[in-house]
>>> print(open('input.cif').read())   # mmCIF, C-alpha atoms
data_protein
loop_
_atom_site.label_atom_id
_atom_site.label_comp_id
_atom_site.auth_asym_id
_atom_site.auth_seq_id
_atom_site.Cartn_x
_atom_site.Cartn_y
_atom_site.Cartn_z
CA MET A 1 2.35 -111.54 26.54
CA LYS A 2 -0.67 -113.63 27.55
CA THR A 3 -1.98 -110.65 29.52
CA LYS A 4 -1.75 -108.43 26.43
CA ILE A 5 -3.52 -111.01 24.28
CA PHE A 6 -6.30 -111.40 26.87
CA PHE A 7 -6.68 -107.63 27.14
CA LEU A 8 -6.89 -107.30 23.34
CA PHE A 9 -9.48 -110.10 23.14
CA ALA A 10 -11.55 -108.54 25.93
CA SER A 11 -11.41 -105.12 24.25
CA VAL A 12 -12.53 -106.51 20.89
CA THR A 13 -15.33 -108.48 22.57
CA LEU A 14 -16.50 -105.37 24.42
CA MET A 15 -16.46 -103.34 21.18
CA MET A 16 -18.43 -106.00 19.34
CA THR A 17 -20.95 -106.24 22.17
CA SER A 18 -21.41 -102.49 22.38
CA CYS A 19 -21.95 -102.27 18.60
CA MET A 20 -24.62 -104.94 18.64
CA SER A 21 -28.15 -103.53 18.89
CA SER A 22 -31.34 -105.29 19.90
CA SER A 23 -34.67 -104.37 18.31
CA TYR A 24 -37.67 -103.20 20.32
CA TYR A 25 -41.17 -102.11 19.37
CA GLN A 26 -43.44 -99.51 20.90
CA VAL A 27 -47.00 -100.56 20.02
CA TYR A 28 -49.87 -98.08 19.96
CA LYS A 29 -53.50 -99.14 20.22
CA THR A 30 -56.09 -96.67 18.97
CA VAL A 31 -59.84 -96.26 19.17
CA PRO A 32 -62.10 -94.11 16.98
CA SER A 33 -63.84 -91.18 18.61
CA ASP A 34 -66.91 -92.20 16.62
CA LYS A 35 -67.62 -95.77 17.74
CA SER A 36 -69.53 -96.53 14.52
CA ILE A 37 -66.21 -96.56 12.60
CA LEU A 38 -65.11 -99.91 14.04
CA LYS A 39 -66.81 -102.80 12.19
CA ASP A 40 -65.87 -106.48 12.42
CA ASN A 41 -62.29 -105.76 13.51
CA SER A 42 -61.93 -103.30 10.61
CA LEU A 43 -61.72 -99.51 10.65
CA VAL A 44 -64.43 -98.37 8.24
CA TYR A 45 -66.26 -95.08 7.96
CA GLU A 46 -69.42 -95.23 5.83
CA ASP A 47 -72.07 -92.79 4.65
CA ASN A 48 -74.61 -92.88 1.81
CA ASN A 49 -71.97 -92.29 -0.87
CA CYS A 50 -68.68 -93.81 0.21
CA LYS A 51 -66.68 -96.11 2.46
CA ILE A 52 -63.32 -95.13 3.96
CA PHE A 53 -61.05 -98.03 4.97
CA TYR A 54 -58.13 -97.61 7.40
CA ASP A 55 -55.27 -99.93 8.35
CA PHE A 56 -52.74 -98.21 10.62
CA TRP A 57 -50.44 -101.21 11.02
CA SER A 58 -46.96 -100.11 9.88
CA ASP A 59 -43.81 -98.55 11.30
CA ASN A 60 -44.80 -95.05 12.54
CA GLY A 61 -48.45 -95.71 11.61
CA ASN A 62 -50.11 -95.20 8.23
CA ILE A 63 -52.97 -92.68 8.27
CA GLY A 64 -53.57 -93.27 4.56
CA PHE A 65 -56.95 -94.63 3.49
CA ARG A 66 -58.85 -96.37 0.69
CA PHE A 67 -61.80 -94.34 -0.60
CA PHE A 68 -64.56 -96.51 -2.13
CA ASN A 69 -67.30 -94.91 -4.23
CA LYS A 70 -70.63 -96.64 -3.51
CA THR A 71 -72.65 -94.60 -6.01
CA ASP A 72 -73.34 -94.90 -9.75
CA ARG A 73 -71.76 -91.45 -10.28
CA THR A 74 -68.22 -90.11 -10.07
CA ILE A 75 -67.07 -88.73 -6.72
CA PHE A 76 -64.56 -85.87 -6.60
CA LEU A 77 -62.33 -85.84 -3.50
CA ASN A 78 -61.06 -82.31 -2.89
CA LEU A 79 -57.51 -82.65 -1.56
CA GLU A 80 -57.04 -78.89 -1.46
CA GLU A 81 -59.62 -78.73 1.33
CA SER A 82 -58.68 -82.04 2.99
CA TYR A 83 -56.26 -82.32 5.91
CA PHE A 84 -54.46 -84.72 8.21
CA ILE A 85 -54.77 -83.30 11.74
CA LEU A 86 -52.42 -84.37 14.55
CA ASN A 87 -52.93 -82.96 18.04
CA GLY A 88 -54.67 -79.91 16.63
CA ILE A 89 -52.11 -79.18 13.85
CA ALA A 90 -53.46 -79.42 10.29
CA TYR A 91 -51.34 -80.72 7.40
CA ASN A 92 -52.47 -80.20 3.80
CA TYR A 93 -53.03 -83.21 1.56
CA TYR A 94 -52.58 -81.02 -1.51
CA GLN A 95 -49.10 -79.46 -1.60
CA ASN A 96 -48.86 -78.18 -5.22
CA ARG A 97 -46.00 -80.51 -6.16
CA THR A 98 -44.65 -81.72 -9.49
CA PHE A 99 -43.27 -85.26 -9.68
CA ILE A 100 -40.61 -86.06 -12.31
CA ASN A 101 -40.24 -89.59 -13.68
CA SER A 102 -37.13 -90.16 -15.81
CA LYS A 103 -35.94 -93.03 -17.96
CA ASN A 104 -32.54 -93.32 -19.69
CA THR A 105 -31.09 -95.86 -22.11
CA GLY A 106 -27.49 -96.08 -23.31
CA THR A 107 -25.15 -98.06 -25.57
CA THR A 108 -21.39 -98.52 -25.39
CA SER A 109 -19.02 -99.82 -28.12
CA VAL A 110 -15.37 -100.66 -27.43
CA SER A 111 -12.70 -101.86 -29.90
CA ALA A 112 -9.24 -102.92 -28.80
CA ILE A 113 -5.89 -103.68 -30.52
CA GLY A 114 -3.29 -105.62 -28.56
CA GLY A 115 0.29 -106.79 -28.98
CA SER A 116 3.05 -108.56 -27.04
CA LYS A 117 6.86 -108.52 -26.82
CA SER A 118 9.32 -110.92 -25.17
CA VAL A 119 12.47 -109.78 -23.33
CA THR A 120 15.18 -112.25 -22.19
CA GLY A 121 17.89 -111.54 -19.62
CA ILE A 122 19.60 -112.59 -16.41
CA ASN A 123 17.53 -112.16 -13.25
CA PHE A 124 18.55 -111.42 -9.64
CA PHE A 125 19.50 -115.09 -9.04
CA ASP A 126 21.81 -115.23 -12.13
CA LEU A 127 19.31 -117.37 -13.99
CA LEU A 128 18.12 -116.89 -17.56
CA GLN A 129 14.55 -115.51 -17.58
CA THR A 130 12.15 -114.49 -20.34
CA ASN A 131 9.35 -112.01 -19.64
CA LYS A 132 6.49 -111.22 -22.00
CA PHE A 133 4.91 -107.75 -22.02
CA PHE A 134 1.43 -107.02 -23.34
CA THR A 135 0.10 -103.71 -24.66
CA THR A 136 -3.47 -102.82 -25.49
CA SER A 137 -4.95 -99.82 -27.27
CA SER A 138 -8.73 -99.35 -27.04
CA VAL A 139 -11.29 -96.91 -28.40
CA GLY A 140 -14.76 -96.52 -26.85
CA VAL A 141 -17.88 -94.82 -28.08
CA ALA A 142 -20.88 -94.26 -25.78
CA SER A 143 -24.30 -92.79 -26.45
CA SER A 144 -27.41 -92.34 -24.35
CA GLN A 145 -30.93 -91.09 -24.70
CA GLY A 146 -33.79 -90.60 -22.31
CA TYR A 147 -36.94 -88.76 -21.44
CA SER A 148 -38.69 -87.27 -18.43
CA VAL A 149 -42.38 -87.04 -17.61
CA ALA A 150 -43.69 -84.36 -15.25
CA ASN A 151 -46.80 -85.26 -13.25
CA ILE A 152 -48.53 -82.33 -11.58
CA GLU A 153 -50.24 -83.13 -8.28
CA GLU A 154 -54.03 -83.20 -8.51
CA LYS A 155 -56.15 -80.88 -6.40
CA ILE A 156 -59.25 -82.93 -7.15
CA VAL A 157 -59.08 -86.74 -7.27
CA SER A 158 -61.89 -88.30 -9.30
CA ILE A 159 -63.13 -91.73 -8.16
CA PRO A 160 -65.31 -93.52 -10.72
CA SER A 161 -68.47 -95.39 -9.77
CA THR A 162 -67.97 -98.54 -7.63
CA THR A 163 -64.18 -98.20 -7.61
CA SER A 164 -61.56 -97.25 -5.04
CA LYS A 165 -58.52 -95.00 -4.86
CA ILE A 166 -55.81 -95.07 -2.21
CA ILE A 167 -54.66 -91.81 -0.65
CA SER A 168 -51.43 -92.01 1.36
CA GLU A 169 -49.27 -89.12 2.52
CA TYR A 170 -48.53 -89.01 6.26
CA SER A 171 -47.35 -91.15 9.16
CA ILE A 172 -48.99 -90.83 12.56
CA ASN A 173 -45.97 -90.69 14.87
CA SER A 174 -42.19 -91.12 14.68
CA SER A 175 -41.20 -90.07 18.22
CA LEU A 176 -40.80 -92.60 21.02
CA TYR A 177 -43.20 -92.04 23.93
CA ARG A 178 -41.39 -92.25 27.27
CA ASP A 179 -42.96 -92.67 30.69
CA CYS A 180 -41.82 -93.77 34.14
CA ASP A 181 -44.40 -96.58 33.98
CA LEU A 182 -42.85 -98.04 30.81
CA TYR A 183 -39.49 -99.82 30.62
CA LYS A 184 -37.69 -98.69 27.50
CA PHE A 185 -35.99 -102.06 26.96
CA PRO A 186 -38.25 -104.48 28.86
CA THR A 187 -37.62 -108.11 29.60
CA LYS A 188 -40.60 -110.45 29.39
CA ASN A 189 -41.50 -109.78 33.04
CA GLN A 190 -41.15 -106.00 32.66
CA ILE A 191 -43.72 -105.53 29.89
CA LYS A 192 -46.38 -103.05 30.99
CA THR A 193 -49.17 -101.15 29.24
CA LYS A 194 -49.84 -97.47 29.71
CA SER A 195 -53.55 -96.63 29.27
CA PHE A 196 -55.18 -93.33 28.31
CA THR A 197 -58.54 -91.69 27.96
CA LYS A 198 -59.21 -89.25 25.16
CA SER A 199 -58.47 -86.31 27.46
CA THR A 200 -55.09 -87.78 28.53
CA SER A 201 -54.05 -89.36 25.23
CA PRO A 202 -50.69 -88.19 23.83
CA LEU A 203 -51.94 -88.59 20.24
CA ILE A 204 -55.27 -87.50 18.80
CA PHE A 205 -55.41 -87.56 15.01
CA SER A 206 -57.93 -87.43 12.19
CA ASN A 207 -58.55 -87.02 8.48
CA ARG A 208 -60.83 -84.11 7.63
CA LEU A 209 -62.09 -84.80 4.09
CA VAL A 210 -64.26 -82.98 1.56
CA TYR A 211 -65.85 -84.60 -1.49
CA LYS A 212 -68.64 -83.90 -3.97
CA VAL A 213 -70.77 -86.36 -5.91
CA GLU A 214 -71.16 -85.67 -9.61
CA ASN A 215 -74.09 -83.28 -10.35
CA ASP A 216 -74.61 -82.49 -6.65
CA ILE A 217 -74.60 -78.82 -5.74
CA LEU A 218 -73.12 -78.99 -2.24
CA PRO A 219 -70.00 -80.90 -1.10
CA THR A 220 -69.93 -83.37 1.80
CA LYS A 221 -67.56 -82.80 4.72
CA PHE A 222 -66.67 -85.27 7.47
CA ASP A 223 -63.99 -85.97 10.06
CA THR A 224 -62.70 -89.44 11.03
CA GLU A 225 -60.95 -89.03 14.37
CA PHE A 226 -58.93 -91.50 16.46
CA TYR A 227 -56.87 -91.37 19.62
CA VAL A 228 -54.23 -93.59 21.23
CA THR A 229 -55.64 -95.49 24.16
CA GLU A 230 -52.73 -97.84 25.00
CA ILE A 231 -48.93 -97.90 24.59
CA THR A 232 -46.77 -100.97 25.27
CA ASN A 233 -43.05 -101.62 24.76
CA TYR A 234 -41.90 -105.08 23.62
CA SER A 235 -38.65 -106.78 22.76
CA GLU A 236 -38.62 -108.29 19.29
CA SER A 237 -38.76 -111.84 20.66
CA GLU A 238 -42.01 -111.09 22.52
CA ILE A 239 -43.91 -109.51 19.64
CA THR A 240 -42.75 -111.67 16.72
CA GLU A 241 -42.57 -115.32 15.77
CA LYS A 242 -40.97 -117.33 12.97
CA LYS A 243 -43.17 -119.14 10.45
CA TYR A 244 -42.59 -121.14 7.29
CA GLU A 245 -44.38 -119.84 4.21
CA GLU A 246 -46.47 -122.37 2.28
CA PHE A 247 -47.72 -122.17 -1.29
CA CYS A 248 -49.33 -124.96 -3.36
CA ASN A 249 -48.41 -127.53 -0.67
CA GLN A 250 -44.76 -126.48 -0.74
CA LYS A 251 -43.13 -125.13 2.41
CA ASN A 252 -40.27 -122.66 2.26
CA ASP A 253 -36.99 -123.88 3.80
CA ILE A 254 -36.22 -120.57 5.48
CA PRO A 255 -38.65 -119.20 8.10
CA LYS A 256 -39.77 -115.57 8.08
CA LEU A 257 -40.42 -113.26 10.98
CA TYR A 258 -44.08 -112.33 11.57
CA PHE A 259 -45.83 -110.12 14.11
CA LYS A 260 -48.02 -112.07 16.53
CA ASP A 261 -50.93 -109.67 16.96
CA VAL A 262 -51.71 -107.52 13.93
CA THR A 263 -54.91 -105.46 13.83
CA PRO A 264 -55.78 -102.35 11.77
CA ASP A 265 -56.33 -100.22 14.87
CA LYS A 266 -52.69 -100.64 16.00
CA PHE A 267 -49.33 -99.37 14.77
CA TYR A 268 -45.76 -99.55 16.03
CA LEU A 269 -42.48 -97.69 16.25
CA LYS A 270 -39.31 -99.78 15.91
CA TYR A 271 -36.20 -98.74 17.82
CA THR A 272 -32.87 -100.25 18.90
CA LYS A 273 -30.94 -100.35 22.12
CA GLY A 274 -27.35 -99.91 20.98
CA MET A 275 -25.38 -98.25 23.80
CA ASP A 276 -28.49 -96.63 25.34
CA SER A 277 -28.45 -96.94 29.14
CA TRP A 278 -31.84 -95.36 29.93
CA LYS A 279 -34.14 -97.55 32.00
CA HIS A 280 -37.38 -95.79 31.00
#
>>> encode(input="input.cif", output="structure tokens")
Amino acid sequence: MKTKIFFLFASVTLMMTSCMSSSYYQVYKTVPSDKSILKDNSLVYEDNNCKIFYDFWSDNGNIGFRFFNKTDRTIFLNLEESYFILNGIAYNYYQNRTFINSKNTGTTSVSAIGGSKSVTGINFFDLLQTNKFFTTSSVGVASSQGYSVANIEEKIVSIPSTTSKIISEYSINSSLYRDCDLYKFPTKNQIKTKSFTKSTSPLIFSNRLVYKVENDILPTKFDTEFYVTEITNYSESEITEKKYEEFCNQKNDIPKLYFKDVTPDKFYLKYTKGMDSWKH
């Protein structure tokens, strides 16, 4: 009997252990092909009319950008002729979509009539017992009303003078990069970095944008290109730390998990181990 209990306990423990999954992060460091884009630890492209701000840091990488109009005139960003380009494949920013926003409200009214009845008799143990039965009759009335608003995607995004608009559509990468030089689930002593040049980089990406300043005859075209120069795999404990939030001299009782090294030229891909047995 003890052997059976031990076997059952060991089986449950093994199942629980196999179901548990540890989190890991593959971190990508990028550099701009045009070195003038990097300014004071920020990714900024600038010309006479605008500034383009990038911050890639997110799961899978955010290639979205903030477009700031430096001029005293309206700038028109042409999404129909603007593209996200990944390893030579172009993806349209304008996709001719219609977005539906719906809102519904409803009311419900219920009325009920109830009654009860007592029944006395001899139960299974030859004792006198009284039971009370309840009945309820209810009537419900429900009504609802709502509306929907259709928003048609804009081909041309207008950006007023000295204001910004945020354009966000694509992620940079969602596929784990694997290499014999990188441990897939590294311990602290197994953390290694794989380095690349532009010619050997697994990811080269850019935004190719077209805009026109109000009253100008010709549009302006430019390309902000980046490539991955380093890839490193980390366990969650090596890339994060717990901190207590503070606000108005009050510290939160529960710590939150924060990344240790966050810069706009990096992004990450989160993955779990589960029952994966691959070393690299």
>>> residues_around(input="input.cif", residues="A:Thr200", least_positions_apart="4", cutoff="10 Å", atoms="only C-alpha atoms", output="count of residues only")
6
>>> closest_residue(input="input.cif", among="A:Arg208, A:Lys243, A:Lys51, A:Lys266", to="A:Ile172", atoms="all atoms listed in the file")
A:Lys266
>>> residues_around(input="input.cif", residues="A:Lys256", least_positions_apart="5", cutoff="12 Å", atoms="all atoms listed in the file", output="list of chain:residue names")
A:Thr240, A:Glu241, A:Lys242, A:Lys243, A:Tyr244, A:Glu245, A:Glu246, A:Lys251
>>> atom_distance(input="input.cif", atom1="atom CA of A:Ile167", atom2="atom CA of A:Arg73")
19.6 Å
>>> closest_residue(input="input.cif", among="A:Tyr91, A:Phe226, A:Tyr183, A:Trp57", to="A:Pro202", atoms="all atoms listed in the file")
A:Phe226
>>> closest_residue(input="input.cif", among="A:Glu80, A:Asp59, A:Glu214, A:Asp181", to="A:Ile159", atoms="all atoms listed in the file")
A:Glu214
>>> atom_distance(input="input.cif", atom1="atom CA of A:Ser158", atom2="atom CA of A:Phe76")
4.5 Å
>>> atom_distance(input="input.cif", atom1="atom CA of A:Tyr83", atom2="atom CA of A:Leu269")
23.1 Å
>>> closest_residue(input="input.cif", among="A:Glu153, A:Asn96, A:Pro264, A:Lys192", to="A:Phe65", atoms="all atoms listed in the file")
A:Pro264
>>> resolve_selection(input="input.cif", expression="the PyMOL selection byres ((chain A and resi 162) around 7)", output="tab-separated table (two decimals) with C-alpha atoms, in the frame of the given file")
chain	number	residue	atom	x	y	z
A	68	PHE	CA	-64.56	-96.51	-2.13
A	69	ASN	CA	-67.30	-94.91	-4.23
A	70	LYS	CA	-70.63	-96.64	-3.51
A	71	THR	CA	-72.65	-94.60	-6.01
A	72	ASP	CA	-73.34	-94.90	-9.75
A	160	PRO	CA	-65.31	-93.52	-10.72
A	161	SER	CA	-68.47	-95.39	-9.77
A	163	THR	CA	-64.18	-98.20	-7.61
>>> closest_residue(input="input.cif", among="A:Ser277, A:Thr232, A:Thr30, A:Ser175", to="A:Ser201", atoms="all atoms listed in the file")
A:Thr30
>>> residues_around(input="input.cif", residues="A:Pro219", least_positions_apart="5", cutoff="7 Å", atoms="only C-alpha atoms", output="ChimeraX atom specification")
/A:210-212
>>> write_last_selection(input="input.cif", atoms="C-alpha atoms", output="PDB file, keeping the file's coordinate frame")
ATOM      1  CA  VAL A 210     -64.260 -82.980   1.560  1.00  0.00           C
ATOM      2  CA  TYR A 211     -65.850 -84.600  -1.490  1.00  0.00           C
ATOM      3  CA  LYS A 212     -68.640 -83.900  -3.970  1.00  0.00           C
TER       4      LYS A 212
END
>>> resolve_selection(input="input.cif", expression="the PyMOL selection byres ((chain A and resi 35) around 12)", output="MDAnalysis selection string")
chainID A and resid 30:34 36:39 42:45 224:227
>>> closest_residue(input="input.cif", among="A:Leu182, A:Ile254, A:Leu203, A:Ile166", to="A:Tyr28", atoms="only C-alpha atoms")
A:Leu203
>>> resolve_selection(input="input.cif", expression="the PyMOL selection byres ((chain A and resi 26) around 8)", output="ChimeraX atom specification")
/A:24-25,27-28,176,231-234,268-271
>>> axis_aligned_box(input="input.cif", around="stretch 250-255 of chain A", padding_each_side="4 Å", output="JSON")
{"center_x": -40.5, "center_y": -122.8, "center_z": 3.7, "size_x": 16.5, "size_y": 15.3, "size_z": 16.8}
>>> residues_around(input="input.cif", residues="A:Cys180", least_positions_apart="2", cutoff="10 Å", atoms="all atoms listed in the file", output="list in words")
Arg178, Leu182, Tyr183, Lys184, Lys194, Lys279 and His280 of chain A
